[in-house]
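entry.tsv (TSV, C-alpha atoms and all ligand atoms)
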chain	number	residue	atom	x	y	z
G	1	MET	CA	17.67	-1.49	16.62
G	2	GLU	CA	15.43	0.28	14.12
G	3	ALA	CA	13.21	3.02	15.42
G	4	GLY	CA	9.99	1.69	16.88
G	5	LYS	CA	10.62	-1.97	16.00
G	6	GLU	CA	10.64	-4.83	18.48
G	7	GLU	CA	14.11	-5.70	19.73
G	8	ASN	CA	13.31	-9.42	19.83
G	9	GLY	CA	12.50	-9.42	16.12
G	10	GLY	CA	9.03	-10.68	16.96
G	11	ASN	CA	7.36	-8.63	14.26
G	12	ASP	CA	5.89	-11.36	12.06
G	13	MET	CA	3.61	-9.16	10.04
G	14	LYS	CA	5.08	-8.09	6.69
G	15	ILE	CA	4.22	-4.50	6.04
G	16	ILE	CA	3.94	-3.61	2.38
G	17	ALA	CA	3.22	-0.10	1.11
G	18	VAL	CA	1.90	0.61	-2.36
G	19	MET	CA	3.29	4.00	-3.27
G	20	SER	CA	4.18	6.19	-6.22
G	21	PRO	CA	4.35	9.95	-6.55
G	22	LYS	CA	2.15	9.64	-9.64
G	23	GLY	CA	-1.64	9.60	-9.57
G	24	GLY	CA	-4.07	7.29	-11.31
G	25	ILE	CA	-1.52	4.60	-12.08
G	26	GLY	CA	-3.07	1.65	-10.24
G	27	LYS	CA	-1.88	2.02	-6.63
G	28	THR	CA	-5.27	1.32	-5.11
G	29	THR	CA	-6.16	-1.42	-7.58
G	30	THR	CA	-2.85	-3.08	-6.73
G	31	ALA	CA	-3.26	-2.73	-2.96
G	32	ASP	CA	-6.85	-4.04	-3.07
G	33	SER	CA	-6.03	-6.94	-5.38
G	34	VAL	CA	-2.94	-8.03	-3.46
G	35	ALA	CA	-4.84	-7.84	-0.15
G	36	TYR	CA	-7.78	-9.80	-1.56
G	37	ILE	CA	-5.67	-12.55	-3.12
G	38	LEU	CA	-3.49	-12.94	-0.02
G	39	GLY	CA	-6.51	-13.05	2.28
G	40	GLN	CA	-9.26	-14.80	0.37
G	41	GLU	CA	-7.33	-17.02	-1.98
G	42	HIS	CA	-4.29	-17.89	0.15
G	43	GLY	CA	-5.91	-17.72	3.59
G	44	LYS	CA	-3.32	-15.28	4.92
G	45	ARG	CA	-4.38	-12.93	7.70
G	46	VAL	CA	-4.39	-9.47	6.16
G	47	LEU	CA	-4.71	-6.02	7.66
G	48	ILE	CA	-5.29	-3.18	5.21
G	49	LEU	CA	-4.31	0.37	6.08
G	50	ASP	CA	-5.78	3.18	4.04
G	51	GLY	CA	-3.15	5.90	3.84
G	52	ASP	CA	-4.98	8.08	1.33
G	53	PRO	CA	-7.51	10.74	2.38
G	54	GLN	CA	-9.51	9.87	-0.77
G	55	GLY	CA	-10.42	6.66	1.10
G	56	ASP	CA	-10.62	4.59	-2.10
G	57	THR	CA	-9.45	1.37	-0.47
G	58	SER	CA	-11.88	1.93	2.41
G	59	LYS	CA	-14.65	2.20	-0.18
G	60	THR	CA	-13.65	-1.07	-1.85
G	61	PHE	CA	-13.85	-2.86	1.49
G	62	ASP	CA	-17.10	-1.16	2.58
G	63	ALA	CA	-15.44	0.71	5.44
G	64	TYR	CA	-15.59	4.28	4.19
G	65	GLU	CA	-17.33	6.74	6.48
G	66	PRO	CA	-16.72	10.47	6.01
G	67	GLU	CA	-16.95	11.05	9.78
G	68	GLY	CA	-15.72	7.63	10.94
G	69	ILE	CA	-12.66	6.77	13.00
G	70	GLY	CA	-9.58	5.05	11.57
G	71	MET	CA	-6.13	6.11	10.42
G	72	SER	CA	-6.41	9.65	11.81
G	73	GLU	CA	-7.06	8.30	15.31
G	74	LEU	CA	-4.31	5.69	14.94
G	75	LEU	CA	-1.79	8.45	14.25
G	76	GLU	CA	-3.12	11.21	16.50
G	77	ARG	CA	-5.05	9.65	19.37
G	78	HIS	CA	-3.28	6.37	20.12
G	79	ALA	CA	-2.54	5.57	23.77
G	80	ASN	CA	1.19	5.62	22.89
G	81	VAL	CA	0.92	9.35	22.28
G	82	GLY	CA	-1.40	10.20	25.16
G	83	GLY	CA	-4.71	9.42	23.42
G	84	ASN	CA	-7.33	6.83	24.33
G	85	TYR	CA	-7.20	4.30	21.47
G	86	ARG	CA	-5.34	1.00	21.23
G	87	THR	CA	-4.64	-0.25	17.71
G	88	SER	CA	-7.11	-3.16	17.92
G	89	GLU	CA	-9.94	-0.73	18.72
G	90	LEU	CA	-9.45	0.97	15.36
G	91	ILE	CA	-9.45	-2.20	13.27
G	92	GLN	CA	-12.70	-3.02	11.49
G	93	VAL	CA	-13.71	-6.38	10.12
G	94	THR	CA	-14.72	-6.56	6.44
G	95	ARG	CA	-17.09	-8.88	4.58
G	96	TYR	CA	-14.04	-11.11	4.00
G	97	ASP	CA	-13.02	-13.60	6.70
G	98	HIS	CA	-9.31	-12.96	6.47
G	99	ILE	CA	-9.23	-9.24	5.76
G	100	ASP	CA	-9.51	-6.42	8.31
G	101	ILE	CA	-9.01	-2.72	7.72
G	102	ILE	CA	-8.19	0.57	9.34
G	103	PRO	CA	-10.01	2.98	7.05
G	104	ALA	CA	-9.38	6.61	6.12
G	105	ASN	CA	-11.34	9.65	5.10
G	106	GLY	CA	-10.71	13.34	4.40
G	107	TYR	CA	-9.62	13.98	8.00
G	108	LEU	CA	-6.32	12.35	7.10
G	109	MET	CA	-5.27	15.64	5.46
G	110	ARG	CA	-5.68	17.41	8.77
G	111	THR	CA	-3.75	14.59	10.45
G	112	ASP	CA	-0.84	15.27	8.11
G	113	MET	CA	-0.80	18.92	9.15
G	114	ASN	CA	-1.19	18.14	12.86
G	115	LEU	CA	1.72	15.68	12.74
G	116	MET	CA	3.88	18.22	10.95
G	117	LEU	CA	3.27	20.71	13.77
G	118	LYS	CA	4.24	18.20	16.49
G	119	GLN	CA	7.93	18.44	15.78
G	120	GLU	CA	9.06	17.58	19.26
G	121	GLU	CA	7.22	14.24	19.37
G	122	ASN	CA	7.79	10.94	17.58
G	123	GLN	CA	5.86	12.19	14.61
G	124	VAL	CA	7.27	9.77	12.00
G	125	THR	CA	7.44	6.46	13.90
G	126	ARG	CA	3.95	6.50	15.42
G	127	LEU	CA	2.51	4.03	12.98
G	128	CYS	CA	5.39	1.62	13.45
G	129	ASP	CA	4.87	1.74	17.22
G	130	ALA	CA	1.09	1.31	16.91
G	131	LEU	CA	1.35	-1.65	14.50
G	132	SER	CA	3.71	-3.57	16.75
G	133	GLU	CA	0.67	-4.14	19.02
G	134	VAL	CA	-1.03	-6.30	16.37
G	135	SER	CA	1.95	-7.79	14.57
G	136	ASP	CA	1.17	-11.30	15.85
G	137	ALA	CA	-2.42	-11.16	14.61
G	138	TYR	CA	-1.66	-10.73	10.90
G	139	ASP	CA	0.63	-12.16	8.23
G	140	TYR	CA	0.53	-9.11	6.00
G	141	CYS	CA	-0.32	-5.46	6.35
G	142	ILE	CA	-1.04	-3.85	2.98
G	143	CYS	CA	-1.03	-0.06	2.91
G	144	ASP	CA	-2.52	2.01	0.12
G	145	CYS	CA	-0.77	5.38	-0.01
G	146	GLY	CA	-1.68	8.76	-1.39
G	147	ARG	CA	0.82	10.18	-3.85
G	148	LEU	CA	2.32	12.85	-1.62
G	149	PHE	CA	5.21	12.28	0.75
G	150	ASP	CA	3.15	13.64	3.59
G	151	MET	CA	3.52	12.72	7.25
G	152	VAL	CA	1.01	9.90	6.93
G	153	VAL	CA	2.87	8.27	4.05
G	154	ILE	CA	6.23	8.81	5.77
G	155	ASN	CA	4.84	6.99	8.83
G	156	ILE	CA	3.79	4.12	6.55
G	157	LEU	CA	7.13	3.95	4.76
G	158	LEU	CA	9.02	3.91	8.04
G	159	ALA	CA	6.94	0.95	9.23
G	160	ALA	CA	7.17	-0.99	5.95
G	161	SER	CA	9.81	-3.37	4.64
G	162	LEU	CA	8.69	-3.26	1.01
G	163	ILE	CA	7.32	-0.56	-1.26
G	164	ILE	CA	5.48	-1.80	-4.31
G	165	ALA	CA	5.85	0.98	-6.87
G	166	PRO	CA	3.36	0.71	-9.73
G	167	VAL	CA	4.52	2.12	-13.05
G	168	LYS	CA	2.16	2.93	-15.86
G	169	VAL	CA	3.70	3.83	-19.17
G	170	GLY	CA	2.61	7.30	-20.18
G	171	GLY	CA	5.54	9.66	-19.65
G	172	PHE	CA	7.90	10.66	-16.85
G	173	GLU	CA	8.02	7.12	-15.43
G	174	ASN	CA	11.76	7.32	-14.86
G	175	GLU	CA	11.45	10.72	-13.15
G	176	ALA	CA	8.75	9.41	-10.80
G	177	LEU	CA	10.80	6.33	-9.95
G	178	TYR	CA	13.97	8.26	-9.24
G	179	ASN	CA	12.03	10.77	-7.11
G	180	LEU	CA	10.65	7.88	-5.09
G	181	ALA	CA	14.09	6.28	-4.76
G	182	GLU	CA	15.64	9.56	-3.56
G	183	GLN	CA	13.05	10.00	-0.83
G	184	VAL	CA	13.38	6.37	0.20
G	185	GLU	CA	17.15	6.72	0.43
G	186	ASP	CA	16.61	9.42	3.10
G	187	LEU	CA	14.10	7.26	4.98
G	188	LYS	CA	16.54	4.35	5.01
G	189	GLU	CA	18.59	6.16	7.63
G	190	ILE	CA	15.75	5.31	10.03
G	191	ASN	CA	14.41	2.17	8.31
G	192	PRO	CA	17.36	0.45	6.58
G	193	ASP	CA	15.29	-2.63	5.63
G	194	LEU	CA	13.07	-0.72	3.25
G	195	SER	CA	13.24	-1.80	-0.39
G	196	ILE	CA	11.38	-0.86	-3.56
G	197	LYS	CA	10.00	-3.23	-6.15
G	198	VAL	CA	8.38	-1.97	-9.33
G	199	VAL	CA	5.30	-3.49	-10.95
G	200	MET	CA	4.13	-2.53	-14.42
G	201	THR	CA	0.42	-1.71	-14.43
G	202	MET	CA	-2.04	-1.26	-17.28
G	203	ARG	CA	0.60	-2.77	-19.52
G	204	GLN	CA	-0.08	-2.81	-23.23
G	205	LYS	CA	1.89	-4.66	-25.84
G	206	ASN	CA	3.10	-1.66	-27.82
G	207	LYS	CA	6.68	-0.66	-28.56
G	208	THR	CA	6.92	2.14	-25.97
G	209	SER	CA	5.49	-0.03	-23.23
G	210	LEU	CA	7.91	-2.86	-23.94
G	211	GLN	CA	10.85	-0.43	-24.12
G	212	VAL	CA	10.02	1.10	-20.75
G	213	GLU	CA	9.58	-2.35	-19.24
G	214	ASP	CA	12.89	-3.46	-20.68
G	215	TRP	CA	14.63	-0.33	-19.36
G	216	ILE	CA	13.31	-0.87	-15.84
G	217	ARG	CA	14.18	-4.55	-15.86
G	218	THR	CA	17.66	-4.31	-17.31
G	219	SER	CA	19.17	-0.86	-16.79
G	220	SER	CA	17.27	1.24	-14.24
G	221	GLY	CA	18.74	-0.42	-11.16
G	222	PHE	CA	15.25	-1.09	-9.76
G	223	GLN	CA	13.98	-4.51	-8.79
G	224	MET	CA	10.85	-5.47	-10.65
G	225	PHE	CA	8.11	-8.07	-10.32
G	226	THR	CA	8.44	-10.66	-13.08
G	227	THR	CA	4.69	-10.48	-13.68
G	228	PRO	CA	3.42	-7.27	-15.32
G	229	ILE	CA	-0.26	-6.36	-14.86
G	230	ARG	CA	-1.96	-6.14	-18.21
G	231	ARG	CA	-4.46	-3.43	-19.11
G	232	SER	CA	-8.02	-4.65	-18.79
G	233	ILE	CA	-11.25	-2.75	-19.10
G	234	VAL	CA	-12.61	-5.00	-16.34
G	235	ALA	CA	-10.35	-3.22	-13.85
G	236	GLU	CA	-12.22	0.02	-14.41
G	237	LYS	CA	-15.53	-1.76	-13.99
G	238	ALA	CA	-14.31	-3.28	-10.70
G	239	SER	CA	-13.34	0.20	-9.45
G	240	MET	CA	-16.77	1.54	-10.37
G	241	ALA	CA	-18.40	-1.39	-8.58
G	242	MET	CA	-16.10	-0.74	-5.58
G	243	MET	CA	-15.00	-4.37	-5.52
G	244	PRO	CA	-11.55	-5.95	-5.45
G	245	LEU	CA	-10.70	-6.75	-9.08
G	246	PRO	CA	-9.95	-10.49	-8.53
G	247	GLU	CA	-13.36	-10.91	-6.92
G	248	PHE	CA	-15.20	-8.82	-9.51
G	249	SER	CA	-13.74	-10.92	-12.31
G	250	ARG	CA	-11.83	-14.01	-11.29
G	251	ARG	CA	-10.73	-14.66	-14.85
G	252	SER	CA	-9.81	-11.22	-16.09
G	253	ILE	CA	-6.26	-11.05	-17.43
G	254	ALA	CA	-5.37	-8.43	-14.81
G	255	SER	CA	-6.68	-10.66	-11.99
G	256	GLN	CA	-4.55	-13.52	-13.30
G	257	ASP	CA	-1.54	-11.21	-13.37
G	258	TYR	CA	-2.12	-10.06	-9.81
G	259	ARG	CA	-2.18	-13.73	-8.78
G	260	GLY	CA	1.24	-14.18	-10.35
G	261	MET	CA	2.52	-11.13	-8.54
G	262	VAL	CA	1.17	-12.36	-5.21
G	263	GLU	CA	2.94	-15.71	-5.73
G	264	GLU	CA	6.15	-13.72	-6.01
G	265	ILE	CA	5.35	-11.79	-2.82
G	266	ILE	CA	4.63	-14.98	-0.87
G	267	GLU	CA	7.77	-16.63	-2.17
G	268	GLU	CA	9.93	-13.69	-1.13
G	269	THR	CA	8.37	-13.13	2.26
G	270	SER	CA	8.01	-16.70	3.51
E	1	LIG	N1	-4.76	-3.14	-15.15
E	1	LIG	C1	-5.61	-2.14	-15.39
E	1	LIG	N2	-6.19	-2.01	-16.60
E	1	LIG	C2	-7.04	-1.00	-16.88
E	1	LIG	N3	-7.42	-0.07	-15.98
E	1	LIG	C3	-6.87	-0.13	-14.76
E	1	LIG	C4	-5.95	-1.16	-14.38
E	1	LIG	N4	-5.57	-0.95	-13.10
E	1	LIG	C5	-6.25	0.14	-12.68
E	1	LIG	N5	-7.03	0.64	-13.66
E	1	LIG	C6	-7.95	1.80	-13.59
E	1	LIG	O1	-7.19	3.00	-13.58
E	1	LIG	C7	-7.83	3.94	-12.72
E	1	LIG	C8	-6.85	4.39	-11.64
E	1	LIG	O2	-6.53	3.26	-10.85
E	1	LIG	P1	-6.28	3.39	-9.28
E	1	LIG	O3	-7.41	4.10	-8.63
E	1	LIG	O4	-5.94	2.03	-8.79
E	1	LIG	O5	-5.00	4.33	-9.31
E	1	LIG	P2	-4.31	5.14	-8.11
E	1	LIG	O6	-2.87	5.23	-8.46
E	1	LIG	O7	-4.67	4.53	-6.82
E	1	LIG	O8	-5.02	6.56	-8.23
E	1	LIG	P3	-4.92	7.77	-7.17
E	1	LIG	O9	-3.62	8.46	-7.44
E	1	LIG	O10	-6.12	8.62	-7.50
E	1	LIG	O11	-4.99	7.19	-5.80
E	1	LIG	C9	-9.07	3.26	-12.16
E	1	LIG	O12	-10.20	3.61	-12.93
E	1	LIG	C10	-8.76	1.78	-12.31
E	1	LIG	O13	-9.92	0.99	-12.46
E	2	MG	MG	-5.52	5.38	-5.09
Would you kindly transcribe this structure into structure tokens?
Amino acid sequence: MEAGKEENGGNDMKIIAVMSPKGGIGKTTTADSVAYILGQEHGKRVLILDGDPQGDTSKTFDAYEPEGIGMSELLERHANVGGNYRTSELIQVTRYDHIDIIPANGYLMRTDMNLMLKQEENQVTRLCDALSEVSDAYDYCICDCGRLFDMVVINILLAASLIIAPVKVGGFENEALYNLAEQVEDLKEINPDLSIKVVMTMRQKNKTSLQVEDWIRTSSGFQMFTTPIRRSIVAEKASMAMMPLPEFSRRSIASQDYRGMVEEIIEETS
């Protein structure tokens, strides 16, 4: 049995992490868009976890509070580890019927340090244990990650079955991907089901972009979503408006691409 997972295989909720060791490459935009399309357009029950102390996803879903409770309490003060919170008490509803969230704020950095110091306790499988309490209530759990392999992100990756790894062409893409794959290989000793799937983000139709895409698809050894996400100025506007891109502009090319990507996710996970 995998650490922290239900022996009866009753964990229905698919846990998907959006992670890359590179910054500013569309992790949050991807997590927000995938969560929105799954929840609001496909009627799936979605739980979002914000695994980044920047709290960007929490801001998109109106749940950001600098002093509020959320992911830090889930990891540090859950009843499983002697605290006084159950998972459901940390879940907040959003303005969307099918989307709930456990938000994050800057305290998540302190949580990372506190977990690192608790070496004798189950410091890396806490999230997996906590999520099993709500696995019947949701179809998907979408986790936005920060770009460091800190204790928070390791907890997420050990609970997840899929990592969506956004790649933006701009240099060192292969290095970032291989770094991610190396770390994931180590985590697979505890979570053997974990796989990585690349998605191109902010894709432009120039020669370099197409070459990188071709390399990933044909020779890198990584799985890749068939649908690349095209670059669209509307995405930046959606971020500034703190709205999920497919809601901000239903018809933007990037929103259409995210819909194609979500079709692939549903197909693979149903
Ligand atoms: N398809 C796209 N086309 C154009 N701009 C995009 C696209 N996707 C995301 N962006 C923009 O790129 C910027 C970075 O995106 P985002 O915040 O999603 O990246 P991130 O990887 O989560 O960053 P961080 O490492 O800071 O968490 C934002 O301004 C966002 O609006
Ligand atoms: Mg982000």
Exercise. How would you write, as an MDAnalysis selection string, the set of residues no farther than 6 Å from ligand LIG 1 (chain E) when counting only C-alpha atoms and all ligand atoms?
Worked result: chainID G and resid 23:29 146:147 201:202 229:233 235:236 239 254
Problem set entry | Interatomic distance (Å, one decimal) between atom CA of G:Asp186 and atom CA of G:Ala104 |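 These two atoms are separated by 26.3 Å.
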For this session: Give as a list in words the set of residues within 10 Å of the point (-2.3, -8.7, -3.0), where distances use the file's coordinates and all atoms listed in the file.
Result: Ile16, Thr29, Thr30, Ala31, Asp32, Ser33, Val34, Ala35, Tyr36, Ile37, Leu38, Gly39, Gln40, Glu41, His42, Val46, Tyr140, Ile142, Pro244, Pro246, Tyr258, Arg259, Gly260, Met261, Val262, Glu263, Ile265 and Ile266 of chain G
For this session: Can you work out which one of G:Ile99, G:Ala130, G:Met224, G:Ala17 has the shortest atom-to-atom distance to G:Gly43, counting only C-alpha atoms?
Result: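 The closest residue to G:Gly43 is G:Ile99.
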Around all listed atoms of stretch 27-45 of chain G, padded 5 Å per side, what centre and edge lengths does the axis-aligned box have in Å to one decimal, as AutoDock Vina command-line options?
--center_x -5.6 --center_y -7.9 --center_z 0.1 --size_x 17.4 --size_y 29.9 --size_z 25.3
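Distances here use only C-alpha atoms and all ligand atoms; by that measure, the residue among G:Pro166, G:Ser132, G:Leu158, G:Arg217 closest to ligand MG 2 (chain E) is G:Pro166.
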For this session: May I ask which of the residues G:Ser161, G:Gln123, G:Thr60, G:Ser20 is the closest one to G:Asn174, counting all atoms listed in the file?
Result: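 Going through G:Ser161, G:Gln123, G:Thr60, G:Ser20 one by one, the smallest distance to G:Asn174 is for G:Ser20.
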Problem set entry | Long-range neighbours of G:Thr87 as a list in words, 8 Å cut-off, only C-alpha atoms, 3 positions minimum in chain |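 These residues fall inside the cut-off: Leu74, His78, Leu90, Ile91, Ala130, Leu131, Glu133 and Val134 of chain G.
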For this session: Might you pull out every residue within 8 Å of G:Gly68, with only C-alpha atoms counted and same-chain residues fewer than 3 positions away left off, and present them as a list in words?
Result: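 Here the answer would be Tyr64, Glu65 and Asn105 of chain G.
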Exercise. Of the candidates G:Leu127, G:Leu148, G:Val199, G:Leu47, which shows the shortest atom-to-atom distance to G:Leu180, using all atoms listed in the file?
Worked result: G:Leu148
For this session: Counting all atoms listed in the file, figure out which residue out of G:Leu108, G:Val18, G:Leu162, G:Ile101 gets nearest to G:Gln54.
Result: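 Nearest to G:Gln54: G:Leu108.
Candidate residues G:Thr227, G:Ser195, G:Ser220, G:Ser58 were compared for distance to ligand MG 2 (chain E), and the nearest is G:Ser58, using only C-alpha atoms and all ligand atoms.
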Exercise. Neighbours of G:Asn206 within 12 Å (all atoms listed in the file; same-chain residues fewer than 5 positions away dropped), as a ChimeraX atom specification?
Worked result: /G:169-170,211-213,230-231
Output file for the residues above (C-alpha atoms, as a PDB file, in the coordinates of the input):
ATOM      1  CA  VAL G 169       3.700   3.830 -19.170  1.00  0.00           C
ATOM      2  CA  GLY G 170       2.610   7.300 -20.180  1.00  0.00           C
ATOM      3  CA  GLN G 211      10.850  -0.430 -24.120  1.00  0.00           C
ATOM      4  CA  VAL G 212      10.020   1.100 -20.750  1.00  0.00           C
ATOM      5  CA  GLU G 213       9.580  -2.350 -19.240  1.00  0.00           C
ATOM      6  CA  ARG G 230      -1.960  -6.140 -18.210  1.00  0.00           C
ATOM      7  CA  ARG G 231      -4.460  -3.430 -19.110  1.00  0.00           C
TER       8      ARG G 231
END
Problem set entry | Sel. within 8 Å of pt (-0.9, 2.4, 5.8), counting only C-alpha atoms, output as a count of residues only | 15
For this session: Calculate how many Å separate atom CA of G:Ala181 from atom CA of G:Lys22, rounding to one decimal.
Result: 13.3 Å
Exercise. So how many Å separate atom CA of G:Asp12 and atom CA of G:Phe225, to one decimal?
Worked result: 22.7 Å
Please complete stretch 141-150 of chain G so it has all heavy atoms, and hand it over as a compact mmCIF listing (two decimals), in the frame of the given file.
# COMPACT_ATOMS: atom_id res chain seq x y z
N CYS G 141 0.37 -6.75 6.24
CA CYS G 141 -0.32 -5.46 6.35
C CYS G 141 -0.08 -4.75 5.02
O CYS G 141 1.07 -4.50 4.63
CB CYS G 141 0.26 -4.66 7.51
SG CYS G 141 -0.41 -3.00 7.63
N ILE G 142 -1.15 -4.49 4.30
CA ILE G 142 -1.04 -3.85 2.98
C ILE G 142 -1.55 -2.41 3.09
O ILE G 142 -2.68 -2.18 3.52
CB ILE G 142 -1.90 -4.61 1.93
CG1 ILE G 142 -1.56 -6.11 1.92
CG2 ILE G 142 -1.74 -3.97 0.54
CD1 ILE G 142 -0.17 -6.45 1.47
N CYS G 143 -0.69 -1.47 2.73
CA CYS G 143 -1.03 -0.06 2.91
C CYS G 143 -1.18 0.63 1.56
O CYS G 143 -0.23 0.66 0.77
CB CYS G 143 0.06 0.67 3.69
SG CYS G 143 0.66 -0.20 5.14
N ASP G 144 -2.34 1.19 1.32
CA ASP G 144 -2.52 2.01 0.12
C ASP G 144 -2.12 3.43 0.48
O ASP G 144 -2.56 3.97 1.49
CB ASP G 144 -4.00 1.98 -0.31
CG ASP G 144 -4.21 2.72 -1.63
OD1 ASP G 144 -3.29 2.70 -2.47
OD2 ASP G 144 -5.29 3.29 -1.82
N CYS G 145 -1.26 4.03 -0.33
CA CYS G 145 -0.77 5.38 -0.01
C CYS G 145 -1.35 6.41 -0.97
O CYS G 145 -1.64 6.11 -2.12
CB CYS G 145 0.75 5.43 -0.13
SG CYS G 145 1.62 4.39 1.05
N GLY G 146 -1.44 7.64 -0.49
CA GLY G 146 -1.68 8.76 -1.39
C GLY G 146 -0.38 9.03 -2.14
O GLY G 146 0.62 8.37 -1.91
N ARG G 147 -0.40 10.02 -3.05
CA ARG G 147 0.82 10.18 -3.85
C ARG G 147 1.76 11.24 -3.32
O ARG G 147 2.78 11.53 -3.94
CB ARG G 147 0.48 10.41 -5.32
CG ARG G 147 -0.30 11.64 -5.58
CD ARG G 147 -0.84 11.61 -7.01
NE ARG G 147 -1.89 12.57 -7.16
CZ ARG G 147 -1.68 13.83 -7.47
NH1 ARG G 147 -0.46 14.27 -7.67
NH2 ARG G 147 -2.70 14.66 -7.57
N LEU G 148 1.43 11.85 -2.19
CA LEU G 148 2.32 12.85 -1.62
C LEU G 148 3.17 12.22 -0.52
O LEU G 148 2.71 11.33 0.18
CB LEU G 148 1.51 14.00 -1.00
CG LEU G 148 0.61 14.77 -1.96
CD1 LEU G 148 -0.21 15.79 -1.20
CD2 LEU G 148 1.45 15.43 -3.05
N PHE G 149 4.38 12.73 -0.37
CA PHE G 149 5.21 12.28 0.75
C PHE G 149 4.81 13.09 1.98
O PHE G 149 5.59 13.88 2.48
CB PHE G 149 6.70 12.48 0.43
CG PHE G 149 7.26 11.36 -0.37
CD1 PHE G 149 7.34 11.46 -1.74
CD2 PHE G 149 7.68 10.19 0.25
CE1 PHE G 149 7.83 10.42 -2.49
CE2 PHE G 149 8.18 9.14 -0.50
CZ PHE G 149 8.26 9.26 -1.87
N ASP G 150 3.59 12.89 2.42
CA ASP G 150 3.15 13.64 3.59
C ASP G 150 3.48 12.83 4.85
O ASP G 150 4.07 11.75 4.78
CB ASP G 150 1.66 14.01 3.50
CG ASP G 150 0.76 12.79 3.44
OD1 ASP G 150 1.22 11.67 3.74
OD2 ASP G 150 -0.42 12.95 3.11
